[in-house]
file upload-v8.txt (compact mmCIF, N, CA, C and O atoms)
# COMPACT_ATOMS: atom_id res chain seq x y z
N MET A 251 15.19 14.35 16.55
CA MET A 251 14.91 14.08 15.17
C MET A 251 14.65 15.34 14.33
O MET A 251 14.56 15.23 13.13
N PRO A 252 14.53 16.50 14.89
CA PRO A 252 14.23 17.67 14.08
C PRO A 252 15.34 18.02 13.08
O PRO A 252 15.09 18.73 12.12
N ASP A 253 16.56 17.54 13.29
CA ASP A 253 17.65 17.85 12.38
C ASP A 253 17.77 16.85 11.25
O ASP A 253 18.61 17.02 10.37
N HIS A 254 16.97 15.80 11.24
CA HIS A 254 17.07 14.79 10.20
C HIS A 254 16.45 15.28 8.89
O HIS A 254 15.39 15.91 8.89
N VAL A 255 17.13 14.98 7.82
CA VAL A 255 16.60 15.23 6.49
C VAL A 255 16.49 13.88 5.82
O VAL A 255 17.40 13.06 5.89
N TYR A 256 15.35 13.62 5.19
CA TYR A 256 15.09 12.31 4.60
C TYR A 256 15.03 12.42 3.08
O TYR A 256 14.64 13.44 2.53
N LYS A 257 15.38 11.33 2.44
CA LYS A 257 15.18 11.17 1.00
C LYS A 257 14.29 9.95 0.83
O LYS A 257 14.36 9.01 1.62
N LYS A 258 13.42 9.97 -0.20
CA LYS A 258 12.54 8.83 -0.47
C LYS A 258 12.88 8.24 -1.83
O LYS A 258 13.16 8.97 -2.78
N ILE A 259 12.83 6.92 -1.88
CA ILE A 259 12.95 6.21 -3.15
C ILE A 259 11.74 5.30 -3.28
O ILE A 259 11.06 5.01 -2.29
N GLU A 260 11.48 4.85 -4.49
CA GLU A 260 10.35 3.95 -4.73
C GLU A 260 10.87 2.66 -5.35
O GLU A 260 11.65 2.69 -6.30
N ILE A 261 10.46 1.53 -4.79
CA ILE A 261 10.86 0.23 -5.30
C ILE A 261 9.64 -0.69 -5.35
O ILE A 261 8.62 -0.40 -4.72
N VAL A 262 9.76 -1.79 -6.07
CA VAL A 262 8.68 -2.78 -6.15
C VAL A 262 9.24 -4.14 -5.75
O VAL A 262 10.28 -4.56 -6.27
N GLY A 263 8.59 -4.79 -4.81
CA GLY A 263 8.97 -6.14 -4.39
C GLY A 263 7.90 -7.13 -4.80
O GLY A 263 6.74 -6.76 -4.98
N SER A 264 8.29 -8.38 -4.94
CA SER A 264 7.31 -9.40 -5.32
C SER A 264 7.56 -10.69 -4.56
O SER A 264 8.65 -10.93 -4.03
N SER A 265 6.52 -11.53 -4.52
CA SER A 265 6.61 -12.83 -3.88
C SER A 265 5.42 -13.68 -4.31
O SER A 265 4.31 -13.17 -4.43
N PRO A 266 5.63 -14.98 -4.50
CA PRO A 266 4.50 -15.85 -4.78
C PRO A 266 3.72 -16.21 -3.51
O PRO A 266 2.65 -16.79 -3.57
N ASN A 267 4.28 -15.84 -2.34
CA ASN A 267 3.70 -16.26 -1.07
C ASN A 267 2.92 -15.18 -0.33
O ASN A 267 2.57 -15.38 0.83
N GLY A 268 2.69 -14.04 -0.94
CA GLY A 268 1.85 -13.04 -0.29
C GLY A 268 2.47 -11.68 -0.16
O GLY A 268 3.65 -11.44 -0.43
N PHE A 269 1.60 -10.78 0.27
CA PHE A 269 1.90 -9.37 0.42
C PHE A 269 3.06 -9.10 1.38
O PHE A 269 3.99 -8.37 1.07
N GLU A 270 3.00 -9.69 2.58
CA GLU A 270 4.03 -9.42 3.59
C GLU A 270 5.40 -9.88 3.14
O GLU A 270 6.40 -9.19 3.37
N GLU A 271 5.48 -11.03 2.50
CA GLU A 271 6.78 -11.50 2.01
C GLU A 271 7.29 -10.62 0.88
O GLU A 271 8.50 -10.39 0.77
N ALA A 272 6.41 -10.08 0.07
CA ALA A 272 6.83 -9.15 -0.99
C ALA A 272 7.47 -7.90 -0.37
O ALA A 272 8.49 -7.40 -0.86
N VAL A 273 6.90 -7.40 0.71
CA VAL A 273 7.47 -6.25 1.42
C VAL A 273 8.84 -6.62 1.98
O VAL A 273 9.82 -5.89 1.80
N ARG A 274 8.93 -7.77 2.65
CA ARG A 274 10.22 -8.20 3.22
C ARG A 274 11.27 -8.37 2.13
O ARG A 274 12.42 -7.98 2.31
N ASN A 275 10.89 -8.96 1.00
CA ASN A 275 11.84 -9.15 -0.09
C ASN A 275 12.37 -7.82 -0.61
O ASN A 275 13.56 -7.66 -0.88
N ALA A 276 11.48 -6.85 -0.75
CA ALA A 276 11.89 -5.53 -1.22
C ALA A 276 12.85 -4.86 -0.24
O ALA A 276 13.89 -4.32 -0.64
N LEU A 277 12.51 -4.90 1.05
CA LEU A 277 13.37 -4.26 2.05
C LEU A 277 14.71 -4.97 2.19
O LEU A 277 15.75 -4.31 2.33
N THR A 278 14.72 -6.28 2.11
CA THR A 278 15.98 -7.04 2.21
C THR A 278 16.90 -6.68 1.06
O THR A 278 18.10 -6.48 1.24
N ARG A 279 16.34 -6.59 -0.14
CA ARG A 279 17.16 -6.25 -1.30
C ARG A 279 17.65 -4.81 -1.23
O ARG A 279 18.80 -4.51 -1.51
N ALA A 280 16.78 -3.88 -0.85
CA ALA A 280 17.16 -2.47 -0.75
C ALA A 280 18.27 -2.26 0.27
O ALA A 280 19.16 -1.43 0.07
N GLN A 281 18.23 -3.02 1.35
CA GLN A 281 19.21 -2.86 2.42
C GLN A 281 20.63 -3.13 1.94
O GLN A 281 21.59 -2.65 2.53
N LYS A 282 20.80 -3.87 0.85
CA LYS A 282 22.13 -4.16 0.32
C LYS A 282 22.81 -2.92 -0.24
O LYS A 282 24.04 -2.86 -0.30
N THR A 283 22.03 -1.93 -0.68
CA THR A 283 22.63 -0.74 -1.30
C THR A 283 22.19 0.58 -0.70
O THR A 283 22.78 1.61 -1.00
N VAL A 284 21.15 0.58 0.12
CA VAL A 284 20.65 1.83 0.71
C VAL A 284 20.95 1.82 2.20
O VAL A 284 20.55 0.91 2.92
N ARG A 285 21.67 2.83 2.65
CA ARG A 285 22.00 2.93 4.07
C ARG A 285 20.98 3.82 4.79
O ARG A 285 20.33 4.66 4.19
N ASN A 286 20.89 3.63 6.08
CA ASN A 286 20.10 4.49 6.97
C ASN A 286 18.60 4.47 6.68
O ASN A 286 17.91 5.48 6.86
N MET A 287 18.08 3.32 6.24
CA MET A 287 16.64 3.22 6.00
C MET A 287 15.91 3.37 7.33
O MET A 287 16.32 2.80 8.34
N ARG A 288 14.84 4.16 7.34
CA ARG A 288 14.11 4.44 8.58
C ARG A 288 12.64 4.03 8.54
O ARG A 288 12.07 3.70 9.56
N TRP A 289 11.99 4.11 7.39
CA TRP A 289 10.57 3.80 7.32
C TRP A 289 10.19 3.42 5.90
O TRP A 289 10.94 3.64 4.98
N PHE A 290 9.02 2.81 5.78
CA PHE A 290 8.49 2.51 4.45
C PHE A 290 7.00 2.76 4.43
O PHE A 290 6.33 2.78 5.46
N GLU A 291 6.49 2.97 3.23
CA GLU A 291 5.07 3.22 3.00
C GLU A 291 4.66 2.39 1.79
O GLU A 291 5.30 2.45 0.74
N VAL A 292 3.62 1.58 1.93
CA VAL A 292 3.11 0.81 0.80
C VAL A 292 2.15 1.71 0.02
O VAL A 292 1.17 2.20 0.58
N THR A 293 2.46 1.93 -1.25
CA THR A 293 1.62 2.82 -2.06
C THR A 293 0.73 2.06 -3.04
O THR A 293 -0.28 2.59 -3.47
N GLU A 294 1.12 0.84 -3.41
CA GLU A 294 0.31 0.04 -4.32
C GLU A 294 0.45 -1.43 -3.98
O GLU A 294 1.52 -1.87 -3.55
N THR A 295 -0.61 -2.17 -4.20
CA THR A 295 -0.59 -3.63 -4.05
C THR A 295 -1.28 -4.21 -5.28
O THR A 295 -2.34 -3.74 -5.67
N ARG A 296 -0.66 -5.19 -5.88
CA ARG A 296 -1.28 -5.83 -7.03
C ARG A 296 -0.80 -7.27 -7.13
O ARG A 296 0.15 -7.65 -6.47
N GLY A 297 -1.44 -8.04 -7.97
CA GLY A 297 -1.04 -9.43 -8.14
C GLY A 297 -1.22 -9.88 -9.58
O GLY A 297 -1.96 -9.27 -10.35
N CYS A 298 -0.55 -10.94 -9.89
CA CYS A 298 -0.62 -11.55 -11.21
C CYS A 298 -1.69 -12.64 -11.16
O CYS A 298 -1.73 -13.44 -10.22
N ILE A 299 -2.55 -12.67 -12.16
CA ILE A 299 -3.59 -13.69 -12.22
C ILE A 299 -3.13 -14.79 -13.17
O ILE A 299 -2.83 -14.54 -14.33
N GLU A 300 -3.09 -16.00 -12.65
CA GLU A 300 -2.68 -17.15 -13.44
C GLU A 300 -3.91 -17.90 -13.95
O GLU A 300 -5.04 -17.44 -13.78
N GLU A 301 -3.68 -19.06 -14.52
CA GLU A 301 -4.78 -19.86 -15.05
C GLU A 301 -5.83 -20.14 -13.98
O GLU A 301 -5.52 -20.26 -12.80
N GLU A 302 -7.06 -20.22 -14.42
CA GLU A 302 -8.20 -20.53 -13.56
C GLU A 302 -8.41 -19.49 -12.45
O GLU A 302 -8.96 -19.80 -11.40
N GLY A 303 -7.90 -18.29 -12.65
CA GLY A 303 -8.12 -17.22 -11.69
C GLY A 303 -7.29 -17.29 -10.42
O GLY A 303 -7.58 -16.58 -9.47
N LYS A 304 -6.27 -18.14 -10.40
CA LYS A 304 -5.44 -18.25 -9.20
C LYS A 304 -4.44 -17.09 -9.13
O LYS A 304 -3.99 -16.58 -10.15
N VAL A 305 -4.14 -16.69 -7.90
CA VAL A 305 -3.17 -15.62 -7.70
C VAL A 305 -1.77 -16.17 -7.92
O VAL A 305 -1.39 -17.19 -7.36
N GLY A 306 -1.00 -15.47 -8.77
CA GLY A 306 0.41 -15.81 -8.97
C GLY A 306 1.24 -14.99 -8.01
O GLY A 306 1.01 -15.01 -6.79
N ASP A 307 2.16 -14.21 -8.52
CA ASP A 307 3.00 -13.36 -7.68
C ASP A 307 2.23 -12.15 -7.18
O ASP A 307 1.41 -11.57 -7.88
N TRP A 308 2.51 -11.78 -5.94
CA TRP A 308 2.05 -10.53 -5.36
C TRP A 308 3.13 -9.49 -5.62
O TRP A 308 4.31 -9.78 -5.57
N GLN A 309 2.72 -8.25 -5.88
CA GLN A 309 3.67 -7.15 -6.05
C GLN A 309 3.24 -6.00 -5.15
O GLN A 309 2.04 -5.70 -5.05
N VAL A 310 4.21 -5.37 -4.52
CA VAL A 310 3.94 -4.18 -3.70
C VAL A 310 4.92 -3.09 -4.10
O VAL A 310 6.09 -3.34 -4.33
N THR A 311 4.39 -1.88 -4.20
CA THR A 311 5.24 -0.72 -4.44
C THR A 311 5.45 -0.03 -3.10
O THR A 311 4.48 0.24 -2.38
N LEU A 312 6.71 0.20 -2.78
CA LEU A 312 7.06 0.82 -1.50
C LEU A 312 7.79 2.13 -1.73
O LEU A 312 8.61 2.23 -2.66
N LYS A 313 7.54 3.08 -0.88
CA LYS A 313 8.40 4.25 -0.77
C LYS A 313 9.22 4.02 0.49
O LYS A 313 8.66 3.73 1.55
N ILE A 314 10.52 4.14 0.38
CA ILE A 314 11.42 3.94 1.52
C ILE A 314 12.06 5.28 1.85
O ILE A 314 12.59 5.96 0.97
N GLY A 315 11.98 5.67 3.12
CA GLY A 315 12.63 6.88 3.58
C GLY A 315 13.92 6.53 4.30
O GLY A 315 13.98 5.59 5.09
N PHE A 316 14.96 7.30 4.00
CA PHE A 316 16.24 7.10 4.68
C PHE A 316 16.87 8.45 4.97
O PHE A 316 16.60 9.44 4.28
N THR A 317 17.66 8.49 6.04
CA THR A 317 18.30 9.74 6.41
C THR A 317 19.55 9.96 5.55
O THR A 317 20.24 9.02 5.18
N LEU A 318 19.79 11.22 5.23
CA LEU A 318 20.97 11.58 4.47
C LEU A 318 22.16 11.67 5.41
O LEU A 318 22.03 12.10 6.56
N GLU A 319 23.30 11.26 4.93
CA GLU A 319 24.51 11.32 5.76
C GLU A 319 25.07 12.72 5.75
O GLU A 319 24.86 13.49 4.82
N GLU A 320 25.79 13.02 6.80
CA GLU A 320 26.43 14.35 6.91
C GLU A 320 27.56 14.48 5.94
O GLU A 320 28.22 13.60 5.56

call {"tool": "encode", "arguments": {"input": "upload-v8.txt", "output": "structure tokens"}}
result
Amino acid sequence: MPDHVYKKIEIVGSSPNGFEEAVRNALTRAQKTVRNMRWFEVTETRGCIEEEGKVGDWQVTLKIGFTLEE
């Protein structure tokens, strides 16, 4: 792995069903256009507050690292 060079991008995923699904949704969508994804890092977590203080959508900000092609 010492020869690998990585690039990082930042994306935001969301889900009404929780933090983990928001991460999965973000990675699934990114995989359609980003090749060679290797790791992710959650940098922010937040949620939307609906009526009566209920949690609406969860949002997570991810940094995704991927290897550059030769």

call {"tool": "closest_residue", "arguments": {"input": "upload-v8.txt", "among": "A:Glu320, A:Glu302, A:Thr311, A:Thr295", "to": "Gly268 in chain A", "atoms": "only C-alpha atoms"}}
result
A:Thr295

call {"tool": "select_by_dssp", "arguments": {"input": "upload-v8.txt", "residues": "chain A", "states": "strand (DSSP E)", "output": "count of residues only"}}
result
36

call {"tool": "atom_distance", "arguments": {"input": "upload-v8.txt", "atom1": "CA of Val284 in chain A", "atom2": "CA of Thr317 in chain A"}}
result
10.0 Å

call {"tool": "closest_residue", "arguments": {"input": "upload-v8.txt", "among": "A:Val262, A:Asn267, A:Gln281, A:His254", "to": "Val305 in chain A", "atoms": "only N, CA, C and O atoms"}}
result
A:Asn267

call {"tool": "atom_distance", "arguments": {"input": "upload-v8.txt", "atom1": "CA of Ile299 in chain A", "atom2": "atom O of Ile314 in chain A"}}
result
28.7 Å

call {"tool": "closest_residue", "arguments": {"input": "upload-v8.txt", "among": "A:Glu260, A:Glu300, A:Asp307, A:Glu291", "to": "Ala272 in chain A", "atoms": "only C-alpha atoms"}}
result
A:Asp307

call {"tool": "atom_distance", "arguments": {"input": "upload-v8.txt", "atom1": "CA of Glu294 in chain A", "atom2": "CA of Leu277 in chain A"}}
result
15.2 Å

call {"tool": "residues_around", "arguments": {"input": "upload-v8.txt", "residues": "Lys258 in chain A", "least_positions_apart": "6", "cutoff": "8 Å", "atoms": "all atoms listed in the file", "output": "list of chain:residue names"}}
result
A:Trp289, A:Leu312, A:Lys313, A:Ile314, A:Gly315, A:Phe316, A:Thr317

call {"tool": "select_by_dssp", "arguments": {"input": "upload-v8.txt", "residues": "chain A", "states": "alpha helix (DSSP H)", "output": "list in words"}}
result
Phe269, Glu270, Glu271, Ala272, Val273, Arg274, Asn275, Ala276, Leu277, Thr278, Arg279, Ala280 and Gln281 of chain A

call {"tool": "closest_residue", "arguments": {"input": "upload-v8.txt", "among": "A:Ile261, A:Glu271, A:Leu318, A:Trp308", "to": "Thr293 in chain A", "atoms": "all atoms listed in the file"}}
result
A:Ile261

call {"tool": "decode", "arguments": {"input": "upload-v8.txt", "residues": "range 265-279 of chain A", "atoms": "all heavy atoms", "output": "PDB file, in the first residue's frame"}}
result
ATOM      1  N   SER A 265     -31.370   9.881   5.668  1.00  0.00           N
ATOM      2  CA  SER A 265     -32.322   8.789   5.803  1.00  0.00           C
ATOM      3  C   SER A 265     -33.299   9.120   6.926  1.00  0.00           C
ATOM      4  O   SER A 265     -32.895   9.668   7.949  1.00  0.00           O
ATOM      5  CB  SER A 265     -31.616   7.478   6.141  1.00  0.00           C
ATOM      6  OG  SER A 265     -32.563   6.493   6.511  1.00  0.00           O
ATOM      7  N   PRO A 266     -34.563   8.754   6.767  1.00  0.00           N
ATOM      8  CA  PRO A 266     -35.504   8.923   7.859  1.00  0.00           C
ATOM      9  C   PRO A 266     -35.364   7.818   8.914  1.00  0.00           C
ATOM     10  O   PRO A 266     -35.952   7.892   9.985  1.00  0.00           O
ATOM     11  CB  PRO A 266     -36.868   8.842   7.169  1.00  0.00           C
ATOM     12  CG  PRO A 266     -36.628   7.989   5.972  1.00  0.00           C
ATOM     13  CD  PRO A 266     -35.221   8.309   5.542  1.00  0.00           C
ATOM     14  N   ASN A 267     -34.564   6.785   8.592  1.00  0.00           N
ATOM     15  CA  ASN A 267     -34.478   5.607   9.451  1.00  0.00           C
ATOM     16  C   ASN A 267     -33.214   5.525  10.300  1.00  0.00           C
ATOM     17  O   ASN A 267     -32.963   4.486  10.898  1.00  0.00           O
ATOM     18  CB  ASN A 267     -34.596   4.344   8.601  1.00  0.00           C
ATOM     19  CG  ASN A 267     -35.918   4.297   7.875  1.00  0.00           C
ATOM     20  OD1 ASN A 267     -36.958   4.592   8.441  1.00  0.00           O
ATOM     21  ND2 ASN A 267     -35.877   3.959   6.603  1.00  0.00           N
ATOM     22  N   GLY A 268     -32.401   6.558  10.324  1.00  0.00           N
ATOM     23  CA  GLY A 268     -31.251   6.531  11.216  1.00  0.00           C
ATOM     24  C   GLY A 268     -29.923   6.793  10.548  1.00  0.00           C
ATOM     25  O   GLY A 268     -29.784   6.869   9.331  1.00  0.00           O
ATOM     26  N   PHE A 269     -28.952   6.935  11.438  1.00  0.00           N
ATOM     27  CA  PHE A 269     -27.583   7.273  11.082  1.00  0.00           C
ATOM     28  C   PHE A 269     -26.944   6.256  10.138  1.00  0.00           C
ATOM     29  O   PHE A 269     -26.366   6.603   9.118  1.00  0.00           O
ATOM     30  CB  PHE A 269     -26.816   7.391  12.403  1.00  0.00           C
ATOM     31  CG  PHE A 269     -25.335   7.393  12.296  1.00  0.00           C
ATOM     32  CD1 PHE A 269     -24.665   8.547  11.975  1.00  0.00           C
ATOM     33  CD2 PHE A 269     -24.612   6.239  12.536  1.00  0.00           C
ATOM     34  CE1 PHE A 269     -23.289   8.561  11.887  1.00  0.00           C
ATOM     35  CE2 PHE A 269     -23.237   6.243  12.453  1.00  0.00           C
ATOM     36  CZ  PHE A 269     -22.575   7.416  12.120  1.00  0.00           C
ATOM     37  N   GLU A 270     -27.029   4.965  10.485  1.00  0.00           N
ATOM     38  CA  GLU A 270     -26.369   3.931   9.680  1.00  0.00           C
ATOM     39  C   GLU A 270     -26.934   3.862   8.275  1.00  0.00           C
ATOM     40  O   GLU A 270     -26.188   3.694   7.301  1.00  0.00           O
ATOM     41  CB  GLU A 270     -26.475   2.571  10.368  1.00  0.00           C
ATOM     42  CG  GLU A 270     -25.604   2.471  11.599  1.00  0.00           C
ATOM     43  CD  GLU A 270     -25.633   1.082  12.213  1.00  0.00           C
ATOM     44  OE1 GLU A 270     -25.796   0.095  11.477  1.00  0.00           O
ATOM     45  OE2 GLU A 270     -25.480   0.996  13.443  1.00  0.00           O
ATOM     46  N   GLU A 271     -28.240   3.986   8.133  1.00  0.00           N
ATOM     47  CA  GLU A 271     -28.834   3.954   6.797  1.00  0.00           C
ATOM     48  C   GLU A 271     -28.439   5.191   6.000  1.00  0.00           C
ATOM     49  O   GLU A 271     -28.245   5.112   4.789  1.00  0.00           O
ATOM     50  CB  GLU A 271     -30.352   3.836   6.872  1.00  0.00           C
ATOM     51  CG  GLU A 271     -30.976   3.652   5.502  1.00  0.00           C
ATOM     52  CD  GLU A 271     -32.452   3.322   5.573  1.00  0.00           C
ATOM     53  OE1 GLU A 271     -32.789   2.246   6.098  1.00  0.00           O
ATOM     54  OE2 GLU A 271     -33.248   4.158   5.107  1.00  0.00           O
ATOM     55  N   ALA A 272     -28.272   6.322   6.651  1.00  0.00           N
ATOM     56  CA  ALA A 272     -27.810   7.529   5.960  1.00  0.00           C
ATOM     57  C   ALA A 272     -26.405   7.309   5.384  1.00  0.00           C
ATOM     58  O   ALA A 272     -26.115   7.715   4.258  1.00  0.00           O
ATOM     59  CB  ALA A 272     -27.829   8.726   6.905  1.00  0.00           C
ATOM     60  N   VAL A 273     -25.546   6.646   6.143  1.00  0.00           N
ATOM     61  CA  VAL A 273     -24.200   6.318   5.661  1.00  0.00           C
ATOM     62  C   VAL A 273     -24.297   5.375   4.464  1.00  0.00           C
ATOM     63  O   VAL A 273     -23.668   5.592   3.425  1.00  0.00           O
ATOM     64  CB  VAL A 273     -23.338   5.687   6.780  1.00  0.00           C
ATOM     65  CG1 VAL A 273     -22.037   5.126   6.219  1.00  0.00           C
ATOM     66  CG2 VAL A 273     -23.073   6.699   7.881  1.00  0.00           C
ATOM     67  N   ARG A 274     -25.096   4.316   4.594  1.00  0.00           N
ATOM     68  CA  ARG A 274     -25.249   3.360   3.485  1.00  0.00           C
ATOM     69  C   ARG A 274     -25.800   4.043   2.240  1.00  0.00           C
ATOM     70  O   ARG A 274     -25.344   3.775   1.129  1.00  0.00           O
ATOM     71  CB  ARG A 274     -26.137   2.192   3.904  1.00  0.00           C
ATOM     72  CG  ARG A 274     -25.434   1.172   4.780  1.00  0.00           C
ATOM     73  CD  ARG A 274     -26.234  -0.122   4.918  1.00  0.00           C
ATOM     74  NE  ARG A 274     -27.519   0.089   5.564  1.00  0.00           N
ATOM     75  CZ  ARG A 274     -27.708   0.086   6.882  1.00  0.00           C
ATOM     76  NH1 ARG A 274     -26.690  -0.117   7.688  1.00  0.00           N
ATOM     77  NH2 ARG A 274     -28.913   0.266   7.396  1.00  0.00           N
ATOM     78  N   ASN A 275     -26.789   4.915   2.409  1.00  0.00           N
ATOM     79  CA  ASN A 275     -27.362   5.618   1.260  1.00  0.00           C
ATOM     80  C   ASN A 275     -26.315   6.475   0.555  1.00  0.00           C
ATOM     81  O   ASN A 275     -26.248   6.507  -0.680  1.00  0.00           O
ATOM     82  CB  ASN A 275     -28.545   6.496   1.696  1.00  0.00           C
ATOM     83  CG  ASN A 275     -29.755   5.691   2.088  1.00  0.00           C
ATOM     84  OD1 ASN A 275     -29.864   4.510   1.789  1.00  0.00           O
ATOM     85  ND2 ASN A 275     -30.678   6.330   2.783  1.00  0.00           N
ATOM     86  N   ALA A 276     -25.493   7.161   1.327  1.00  0.00           N
ATOM     87  CA  ALA A 276     -24.446   7.995   0.741  1.00  0.00           C
ATOM     88  C   ALA A 276     -23.433   7.154  -0.027  1.00  0.00           C
ATOM     89  O   ALA A 276     -23.063   7.482  -1.163  1.00  0.00           O
ATOM     90  CB  ALA A 276     -23.746   8.799   1.835  1.00  0.00           C
ATOM     91  N   LEU A 277     -22.987   6.051   0.574  1.00  0.00           N
ATOM     92  CA  LEU A 277     -21.993   5.202  -0.086  1.00  0.00           C
ATOM     93  C   LEU A 277     -22.560   4.519  -1.326  1.00  0.00           C
ATOM     94  O   LEU A 277     -21.872   4.406  -2.350  1.00  0.00           O
ATOM     95  CB  LEU A 277     -21.450   4.159   0.892  1.00  0.00           C
ATOM     96  CG  LEU A 277     -20.637   4.717   2.055  1.00  0.00           C
ATOM     97  CD1 LEU A 277     -20.286   3.606   3.029  1.00  0.00           C
ATOM     98  CD2 LEU A 277     -19.384   5.420   1.546  1.00  0.00           C
ATOM     99  N   THR A 278     -23.804   4.082  -1.266  1.00  0.00           N
ATOM    100  CA  THR A 278     -24.436   3.436  -2.421  1.00  0.00           C
ATOM    101  C   THR A 278     -24.530   4.400  -3.588  1.00  0.00           C
ATOM    102  O   THR A 278     -24.243   4.050  -4.733  1.00  0.00           O
ATOM    103  CB  THR A 278     -25.834   2.909  -2.042  1.00  0.00           C
ATOM    104  OG1 THR A 278     -25.687   1.930  -1.024  1.00  0.00           O
ATOM    105  CG2 THR A 278     -26.539   2.295  -3.237  1.00  0.00           C
ATOM    106  N   ARG A 279     -24.910   5.636  -3.297  1.00  0.00           N
ATOM    107  CA  ARG A 279     -25.026   6.624  -4.371  1.00  0.00           C
ATOM    108  C   ARG A 279     -23.664   7.001  -4.925  1.00  0.00           C
ATOM    109  O   ARG A 279     -23.470   7.113  -6.129  1.00  0.00           O
ATOM    110  CB  ARG A 279     -25.749   7.874  -3.853  1.00  0.00           C
ATOM    111  CG  ARG A 279     -25.859   8.995  -4.861  1.00  0.00           C
ATOM    112  CD  ARG A 279     -26.605   8.532  -6.129  1.00  0.00           C
ATOM    113  NE  ARG A 279     -26.607   9.557  -7.125  1.00  0.00           N
ATOM    114  CZ  ARG A 279     -25.663   9.730  -8.060  1.00  0.00           C
ATOM    115  NH1 ARG A 279     -24.618   8.914  -8.106  1.00  0.00           N
ATOM    116  NH2 ARG A 279     -25.752  10.699  -8.931  1.00  0.00           N
TER     117      ARG A 279
END
